[in-house]
2 protein chains.
Amino acid sequence: MSSRSRVPRPAARRLSLYLRELKLRARDGSATISSRQLGEALGLTDAQVRKDLAHFGHFGQPGVGYRCVDLLERLRMIMGIDRAWPCVLVGAGNIGRALLSYRRFEEDGFEIKAVFDRSRDIVGTTIAGHKVRPIEDLARGVASLKAEIGIVAVPADAAPAVAAMLVDARIRGILNFTPCRLDVPAAICVRNVDFSVALEQLAFDVSLAAAQDDES
Amino acid sequence: MSSRSRVPRPAARRLSLYLRELKLRARDGSATISSRQLGEALGLTDAQVRKDLAHFGHFGQPGVGYRCVDLLERLRMIMGIDRAWPCVLVGAGNIGRALLSYRRFEEDGFEIKAVFDRSRDIVGTTIAGHKVRPIEDLARGVASLKAEIGIVAVPADAAPAVAAMLVDARIRGILNFTPCRLDVPAAICVRNVDFSVALEQLAFDVSLAAAQDDES
DNA sequence: CGTTGTGAAATGATTCACAGCT
DNA sequence: AGCTGTGAATCATTTCACAACG
């Protein structure tokens with residue numbers, strides 16, 4: 001489809017939020033939703049919702065709004081999640097285990113096809129139905145499963161090596177749960193989920209809110 | 001300190017990134033770091049680093065750069081993490097367990113002071129040194145521990161009720177691991193960590209990268 | 001009516017470029 | 001020399017406001 005180079009990045013990132021709200025509405029049986037309703041649910045203005053969606057096509061009906069199920073399906077196509085995304089997980093520690101038990105991924109086509117760990121104690125055990133394989137099998141596993149996304153949930157010190165292995169294995173994207181900045185070729189997408197950063201930013205927000213309280 | 005209303009939000013969010021890199025440099029024994037080095041490590045331009053930091057004060061020395069330990073301490077003050085932040089965790093499932101074992105929080109002054117769950121099977125057990133308490137004790141616990149941050153790691157259906165309880169308990173900030181948008185008064189800060197959203201955005205990025213490959 | 005889609009205006013953020021300091 | 005801090009210029013995003021539509 002058309003050139004998405006002109007789509008503002010913030011707009012592209014909000015698509016997941018629209019998707020989530022639409023799933024809820026569709027499940028609740030709403031036939032349509034207006035940009036105002038969608039915006040209200042997400043803390044955005046109606047104009048922003050319309051402009052965001054308009055970057056990708058003409059999905060709405062004047063006087064009516066957007067048909068939930070329709071828009072849902074269109075967004076899935078646009079985001080590339082109208083198909084299965086085979087994933088591999090590296091690291092079967094606490095975070096890895098939590099991810100394996102997190103059923104919500106599968107709803108969206110993300111399926112953890114294999115789990116790898118370096119610890120001899122963990123390799124061979126089964127966690128939430130997944131047998132843990134030795135890290136040495138990673139490249140072969142990625143290739144044979146045609147996995148495109150790698151989830152890194154290892155201790156920080158192992159992260160660079162794991163990232164390098166995933167790159168060698170021709171992975172396309174990495175979801176990084178370690179606090180390291182992974183140094184990978186530009187063609188490989190990385191998204192970081194850092195709990196400490198999230199907590200710090202929250203503390204910052206709370207501090208600022210407290211400072212504003214004091215002012216008034 | 002001065003009015004921070006004019007600090008761009010993106011700049012404020014990058015402070016955590018600067019902090020993380022500075023910790024590394026300080027640990028490695030670097031005395032100073034230039035805006036260019038800091039930017040390179042984080043994928044930003046030197047000008048942006050300087051402008052970001054200049055929003056909060058004059059921390060650098062022309063011809064030299066920034067003294068790592070100094071800047072580290074200043075950033076901690078600015079972000080409000082130069083003190084302890086007592087936290088409570090609600091939900092002792094897989095994610096909650098992972099968080100309890102995540103030692104990195106404590107390094108930064110975030111300490112989980114109490115854990116609550118609604119399941120009779122889990123209440124009373126001890127996880128990573130924390131005894132799990134019944135959810136009914138939440139309000140009392142928050143008050144007696146003077147907890148300011150609540151971490152929500154419960155199933156999605158329980159999230160709204162838990163958020164309401166935390167609000168009633170006079171919490172200041174919520175770190176939300178559920179895929180729900182929590183509806184709380186404006187004075188209460190919420191930061192969401194949604195694994196599915198992260199995966200979706202990653203898949204989107206990968207799709208776009210693939211589309212660009214095809215073009216060329 | 002109410003709602004979308006969209007140019008135009010306003011706001012916000014980043015980059016540039018350089019004076020001034022060490 | 002090397003580097004910071006910053007006004008000015010550029011670039012990006014959001015909001016406004018309204019014509020066109022069902």
# chains A, B, ... in the order shown; residues from 1 in each chain; ligands from 1
$ residues_around --residues "region 83-89 of chain B" --least-positions-apart "4" --cutoff "8 Å" --atoms "only C-alpha atoms (C1' of nucleotides)" --output "list in words"
Ala203 of chain A; Gly96, Asp108, Gly109, Phe110, Glu111, Ile112, Lys113, Ala114, Val115, Phe116, Val142, Leu145, Lys146, Ala147, Glu148, Ile149, Gly150, Ile151, Val152 and Ala153 of chain B
$ write_last_selection --atoms "N, CA and C atoms" --output "PDB file, in the first residue's frame"
ATOM      1  N   ALA A 203       7.980   8.029  38.805  1.00  0.00           N
ATOM      2  CA  ALA A 203       8.392   8.796  39.984  1.00  0.00           C
ATOM      3  C   ALA A 203       8.579  10.267  39.612  1.00  0.00           C
TER       4      ALA A 203
ATOM      5  N   GLY B  96       3.882 -10.432  38.735  1.00  0.00           N
ATOM      6  CA  GLY B  96       4.219  -9.975  40.078  1.00  0.00           C
ATOM      7  C   GLY B  96       5.446 -10.686  40.621  1.00  0.00           C
ATOM      8  N   ASP B 108      17.652   1.655  42.692  1.00  0.00           N
ATOM      9  CA  ASP B 108      17.202   3.012  42.406  1.00  0.00           C
ATOM     10  C   ASP B 108      16.271   3.568  43.473  1.00  0.00           C
ATOM     11  N   GLY B 109      16.175   2.881  44.585  1.00  0.00           N
ATOM     12  CA  GLY B 109      15.367   3.415  45.666  1.00  0.00           C
ATOM     13  C   GLY B 109      13.919   2.972  45.647  1.00  0.00           C
ATOM     14  N   PHE B 110      13.574   2.162  44.661  1.00  0.00           N
ATOM     15  CA  PHE B 110      12.205   1.647  44.620  1.00  0.00           C
ATOM     16  C   PHE B 110      12.172   0.315  45.363  1.00  0.00           C
ATOM     17  N   GLU B 111      11.440   0.283  46.429  1.00  0.00           N
ATOM     18  CA  GLU B 111      11.392  -0.971  47.164  1.00  0.00           C
ATOM     19  C   GLU B 111       9.948  -1.413  47.347  1.00  0.00           C
ATOM     20  N   ILE B 112       9.700  -2.639  46.964  1.00  0.00           N
ATOM     21  CA  ILE B 112       8.361  -3.186  47.151  1.00  0.00           C
ATOM     22  C   ILE B 112       8.209  -3.565  48.619  1.00  0.00           C
ATOM     23  N   LYS B 113       7.372  -2.803  49.301  1.00  0.00           N
ATOM     24  CA  LYS B 113       7.251  -2.941  50.746  1.00  0.00           C
ATOM     25  C   LYS B 113       6.206  -3.969  51.136  1.00  0.00           C
ATOM     26  N   ALA B 114       5.273  -4.227  50.227  1.00  0.00           N
ATOM     27  CA  ALA B 114       4.215  -5.178  50.561  1.00  0.00           C
ATOM     28  C   ALA B 114       3.592  -5.720  49.287  1.00  0.00           C
ATOM     29  N   VAL B 115       3.097  -6.932  49.382  1.00  0.00           N
ATOM     30  CA  VAL B 115       2.489  -7.605  48.238  1.00  0.00           C
ATOM     31  C   VAL B 115       1.082  -8.040  48.622  1.00  0.00           C
ATOM     32  N   PHE B 116       0.136  -7.775  47.731  1.00  0.00           N
ATOM     33  CA  PHE B 116      -1.254  -8.135  48.006  1.00  0.00           C
ATOM     34  C   PHE B 116      -1.807  -8.991  46.876  1.00  0.00           C
ATOM     35  N   VAL B 142      -1.016   0.506  52.525  1.00  0.00           N
ATOM     36  CA  VAL B 142      -0.517   1.709  51.847  1.00  0.00           C
ATOM     37  C   VAL B 142      -0.314   2.822  52.861  1.00  0.00           C
ATOM     38  N   LEU B 145       2.605   2.012  55.444  1.00  0.00           N
ATOM     39  CA  LEU B 145       3.929   2.003  54.817  1.00  0.00           C
ATOM     40  C   LEU B 145       4.246   3.336  54.149  1.00  0.00           C
ATOM     41  N   LYS B 146       3.254   4.210  54.102  1.00  0.00           N
ATOM     42  CA  LYS B 146       3.394   5.487  53.399  1.00  0.00           C
ATOM     43  C   LYS B 146       3.808   5.265  51.943  1.00  0.00           C
ATOM     44  N   ALA B 147       3.259   4.233  51.344  1.00  0.00           N
ATOM     45  CA  ALA B 147       3.595   3.912  49.955  1.00  0.00           C
ATOM     46  C   ALA B 147       3.005   4.960  49.027  1.00  0.00           C
ATOM     47  N   GLU B 148       3.777   5.368  48.040  1.00  0.00           N
ATOM     48  CA  GLU B 148       3.313   6.388  47.100  1.00  0.00           C
ATOM     49  C   GLU B 148       3.069   5.814  45.720  1.00  0.00           C
ATOM     50  N   ILE B 149       3.659   4.654  45.457  1.00  0.00           N
ATOM     51  CA  ILE B 149       3.514   4.040  44.145  1.00  0.00           C
ATOM     52  C   ILE B 149       2.901   2.652  44.292  1.00  0.00           C
ATOM     53  N   GLY B 150       1.921   2.389  43.468  1.00  0.00           N
ATOM     54  CA  GLY B 150       1.302   1.076  43.440  1.00  0.00           C
ATOM     55  C   GLY B 150       1.567   0.400  42.107  1.00  0.00           C
ATOM     56  N   ILE B 151       1.969  -0.854  42.156  1.00  0.00           N
ATOM     57  CA  ILE B 151       2.235  -1.604  40.933  1.00  0.00           C
ATOM     58  C   ILE B 151       1.095  -2.593  40.735  1.00  0.00           C
ATOM     59  N   VAL B 152       0.422  -2.496  39.610  1.00  0.00           N
ATOM     60  CA  VAL B 152      -0.742  -3.333  39.346  1.00  0.00           C
ATOM     61  C   VAL B 152      -0.358  -4.442  38.380  1.00  0.00           C
ATOM     62  N   ALA B 153      -0.363  -5.658  38.885  1.00  0.00           N
ATOM     63  CA  ALA B 153       0.017  -6.814  38.073  1.00  0.00           C
ATOM     64  C   ALA B 153      -1.005  -7.916  38.271  1.00  0.00           C
TER      65      ALA B 153
END
$ interface_residues --of "chain B" --to "chain D" --cutoff "12 Å" --atoms "only C-alpha atoms (C1' of nucleotides)" --output "number ranges by chain"
B: 32-37, 46-66
$ interface_residues --of "chain C" --to "chain B" --cutoff "10 Å" --atoms "only C-alpha atoms (C1' of nucleotides)" --output "number ranges by chain"
C: 12-16, 20-22
$ write_last_selection --atoms "all heavy atoms" --output "compact mmCIF listing (two decimals), in the first residue's frame"
# COMPACT_ATOMS: atom_id res chain seq x y z
P DG C 12 2.43 24.26 22.99
OP1 DG C 12 1.75 23.66 24.15
OP2 DG C 12 3.18 25.54 23.11
O5' DG C 12 3.44 23.18 22.39
C5' DG C 12 2.94 22.01 21.75
C4' DG C 12 4.10 21.25 21.18
O4' DG C 12 4.47 21.83 19.89
C3' DG C 12 5.36 21.30 22.04
O3' DG C 12 5.76 19.96 22.26
C2' DG C 12 6.36 22.10 21.21
C1' DG C 12 5.87 21.88 19.80
N9 DG C 12 6.18 22.94 18.85
C8 DG C 12 5.89 24.27 18.95
N7 DG C 12 6.29 24.97 17.92
C5 DG C 12 6.88 24.04 17.10
C6 DG C 12 7.50 24.19 15.83
O6 DG C 12 7.64 25.23 15.17
N1 DG C 12 7.97 22.97 15.33
C2 DG C 12 7.85 21.76 15.96
N2 DG C 12 8.36 20.71 15.34
N3 DG C 12 7.28 21.60 17.15
C4 DG C 12 6.82 22.78 17.64
P DA C 13 7.08 19.66 23.08
OP1 DA C 13 6.89 18.40 23.80
OP2 DA C 13 7.50 20.89 23.78
O5' DA C 13 8.09 19.40 21.87
C5' DA C 13 7.83 18.35 20.97
C4' DA C 13 9.01 18.17 20.05
O4' DA C 13 9.11 19.30 19.18
C3' DA C 13 10.35 18.00 20.75
O3' DA C 13 10.94 16.82 20.23
C2' DA C 13 11.12 19.27 20.40
C1' DA C 13 10.45 19.75 19.12
N9 DA C 13 10.36 21.19 18.95
C8 DA C 13 9.87 22.11 19.82
N7 DA C 13 9.88 23.34 19.37
C5 DA C 13 10.41 23.20 18.10
C6 DA C 13 10.68 24.14 17.09
N6 DA C 13 10.44 25.44 17.20
N1 DA C 13 11.20 23.67 15.94
C2 DA C 13 11.43 22.37 15.81
N3 DA C 13 11.21 21.39 16.69
C4 DA C 13 10.70 21.89 17.82
P DT C 14 12.41 16.39 20.61
OP1 DT C 14 12.43 14.92 20.60
OP2 DT C 14 12.84 17.16 21.81
O5' DT C 14 13.25 16.91 19.36
C5' DT C 14 12.94 16.40 18.07
C4' DT C 14 13.81 17.09 17.04
O4' DT C 14 13.57 18.52 17.09
C3' DT C 14 15.31 16.89 17.22
O3' DT C 14 15.79 16.36 16.01
C2' DT C 14 15.84 18.30 17.52
C1' DT C 14 14.79 19.19 16.87
N1 DT C 14 14.59 20.54 17.45
C2 DT C 14 14.71 21.64 16.63
O2 DT C 14 14.99 21.56 15.45
N3 DT C 14 14.47 22.84 17.25
C4 DT C 14 14.14 23.06 18.57
O4 DT C 14 13.94 24.18 19.01
C5 DT C 14 14.03 21.87 19.38
C7 DT C 14 13.68 21.98 20.83
C6 DT C 14 14.26 20.68 18.79
P DT C 15 17.30 15.88 15.89
OP1 DT C 15 17.32 14.67 15.04
OP2 DT C 15 17.90 15.89 17.23
O5' DT C 15 17.96 17.08 15.06
C5' DT C 15 17.41 17.43 13.82
C4' DT C 15 18.02 18.74 13.37
O4' DT C 15 17.60 19.79 14.26
C3' DT C 15 19.55 18.75 13.37
O3' DT C 15 19.95 19.05 12.04
C2' DT C 15 19.92 19.84 14.38
C1' DT C 15 18.67 20.70 14.41
N1 DT C 15 18.39 21.45 15.66
C2 DT C 15 18.19 22.81 15.58
O2 DT C 15 18.25 23.43 14.53
N3 DT C 15 17.92 23.42 16.79
C4 DT C 15 17.82 22.82 18.02
O4 DT C 15 17.57 23.48 19.02
C5 DT C 15 18.04 21.40 18.04
C7 DT C 15 17.97 20.66 19.33
C6 DT C 15 18.31 20.79 16.87
P DC C 16 21.51 19.18 11.69
OP1 DC C 16 21.66 18.67 10.32
OP2 DC C 16 22.29 18.61 12.81
O5' DC C 16 21.74 20.76 11.67
C5' DC C 16 20.71 21.57 11.20
C4' DC C 16 21.12 23.04 11.20
O4' DC C 16 20.72 23.65 12.46
C3' DC C 16 22.60 23.32 11.06
O3' DC C 16 22.73 24.45 10.21
C2' DC C 16 23.06 23.61 12.49
C1' DC C 16 21.82 24.28 13.07
N1 DC C 16 21.62 24.12 14.53
C2 DC C 16 21.28 25.24 15.30
O2 DC C 16 21.17 26.34 14.76
N3 DC C 16 21.08 25.08 16.64
C4 DC C 16 21.20 23.87 17.19
N4 DC C 16 20.99 23.77 18.51
C5 DC C 16 21.54 22.73 16.41
C6 DC C 16 21.74 22.89 15.10
P DG C 20 30.17 36.61 22.30
OP1 DG C 20 29.41 37.62 23.06
OP2 DG C 20 31.40 36.94 21.56
O5' DG C 20 30.51 35.42 23.31
C5' DG C 20 29.49 34.84 24.11
C4' DG C 20 30.13 33.83 25.04
O4' DG C 20 30.48 32.64 24.31
C3' DG C 20 31.42 34.32 25.70
O3' DG C 20 31.46 33.82 27.02
C2' DG C 20 32.50 33.68 24.84
C1' DG C 20 31.84 32.33 24.56
N9 DG C 20 32.36 31.59 23.43
C8 DG C 20 32.85 32.11 22.24
N7 DG C 20 33.25 31.17 21.42
C5 DG C 20 33.03 29.98 22.11
C6 DG C 20 33.27 28.64 21.73
O6 DG C 20 33.75 28.22 20.68
N1 DG C 20 32.89 27.75 22.74
C2 DG C 20 32.35 28.11 23.95
N2 DG C 20 32.06 27.12 24.77
N3 DG C 20 32.12 29.36 24.31
C4 DG C 20 32.48 30.23 23.34
P DC C 21 32.42 34.47 28.09
OP1 DC C 21 31.60 35.28 29.00
OP2 DC C 21 33.57 35.07 27.39
O5' DC C 21 32.93 33.19 28.90
C5' DC C 21 32.00 32.16 29.26
C4' DC C 21 32.71 30.83 29.24
O4' DC C 21 33.03 30.45 27.88
C3' DC C 21 34.04 30.81 29.99
O3' DC C 21 33.93 29.93 31.10
C2' DC C 21 35.08 30.35 28.96
C1' DC C 21 34.19 29.67 27.92
N1 DC C 21 34.78 29.65 26.56
C2 DC C 21 35.13 28.42 26.00
O2 DC C 21 34.97 27.38 26.64
N3 DC C 21 35.66 28.40 24.74
C4 DC C 21 35.83 29.55 24.07
N4 DC C 21 36.34 29.48 22.84
C5 DC C 21 35.46 30.81 24.62
C6 DC C 21 34.94 30.82 25.86
P DT C 22 35.05 29.86 32.22
OP1 DT C 22 34.35 29.74 33.50
OP2 DT C 22 35.98 30.97 31.96
O5' DT C 22 35.85 28.52 31.97
C5' DT C 22 35.31 27.44 31.21
C4' DT C 22 36.37 26.35 31.11
O4' DT C 22 36.81 26.23 29.74
C3' DT C 22 37.63 26.59 31.91
O3' DT C 22 38.15 25.36 32.37
C2' DT C 22 38.54 27.25 30.92
C1' DT C 22 38.19 26.47 29.65
N1 DT C 22 38.44 27.20 28.36
C2 DT C 22 38.79 26.48 27.24
O2 DT C 22 38.90 25.28 27.24
N3 DT C 22 38.99 27.24 26.12
C4 DT C 22 38.88 28.61 26.01
O4 DT C 22 39.09 29.18 24.95
C5 DT C 22 38.51 29.29 27.22
C7 DT C 22 38.37 30.79 27.22
C6 DT C 22 38.31 28.57 28.34
$ closest_atom_pairs --of "chain A" --to "chain B" --cutoff "6 Å" --atoms "only C-alpha atoms" --output "tab-separated table"
residue	atom	partner	partner_atom	distance
A:Ser16	CA	B:Val197	CA	5.9
A:Met79	CA	B:Phe204	CA	4.7
A:Gly80	CA	B:Phe204	CA	5.7
A:Asn94	CA	B:Ala98	CA	4.6
A:Ile95	CA	B:Ala98	CA	5.3
A:Ala98	CA	B:Asn94	CA	4.6
A:Val197	CA	B:Ser16	CA	5.9
A:Phe204	CA	B:Met79	CA	4.7
A:Ser207	CA	B:Gly80	CA	5.8
$ select_by_dssp --residues "region 20-130 of chain B" --states "strand (DSSP E)" --output "count of residues only"
21
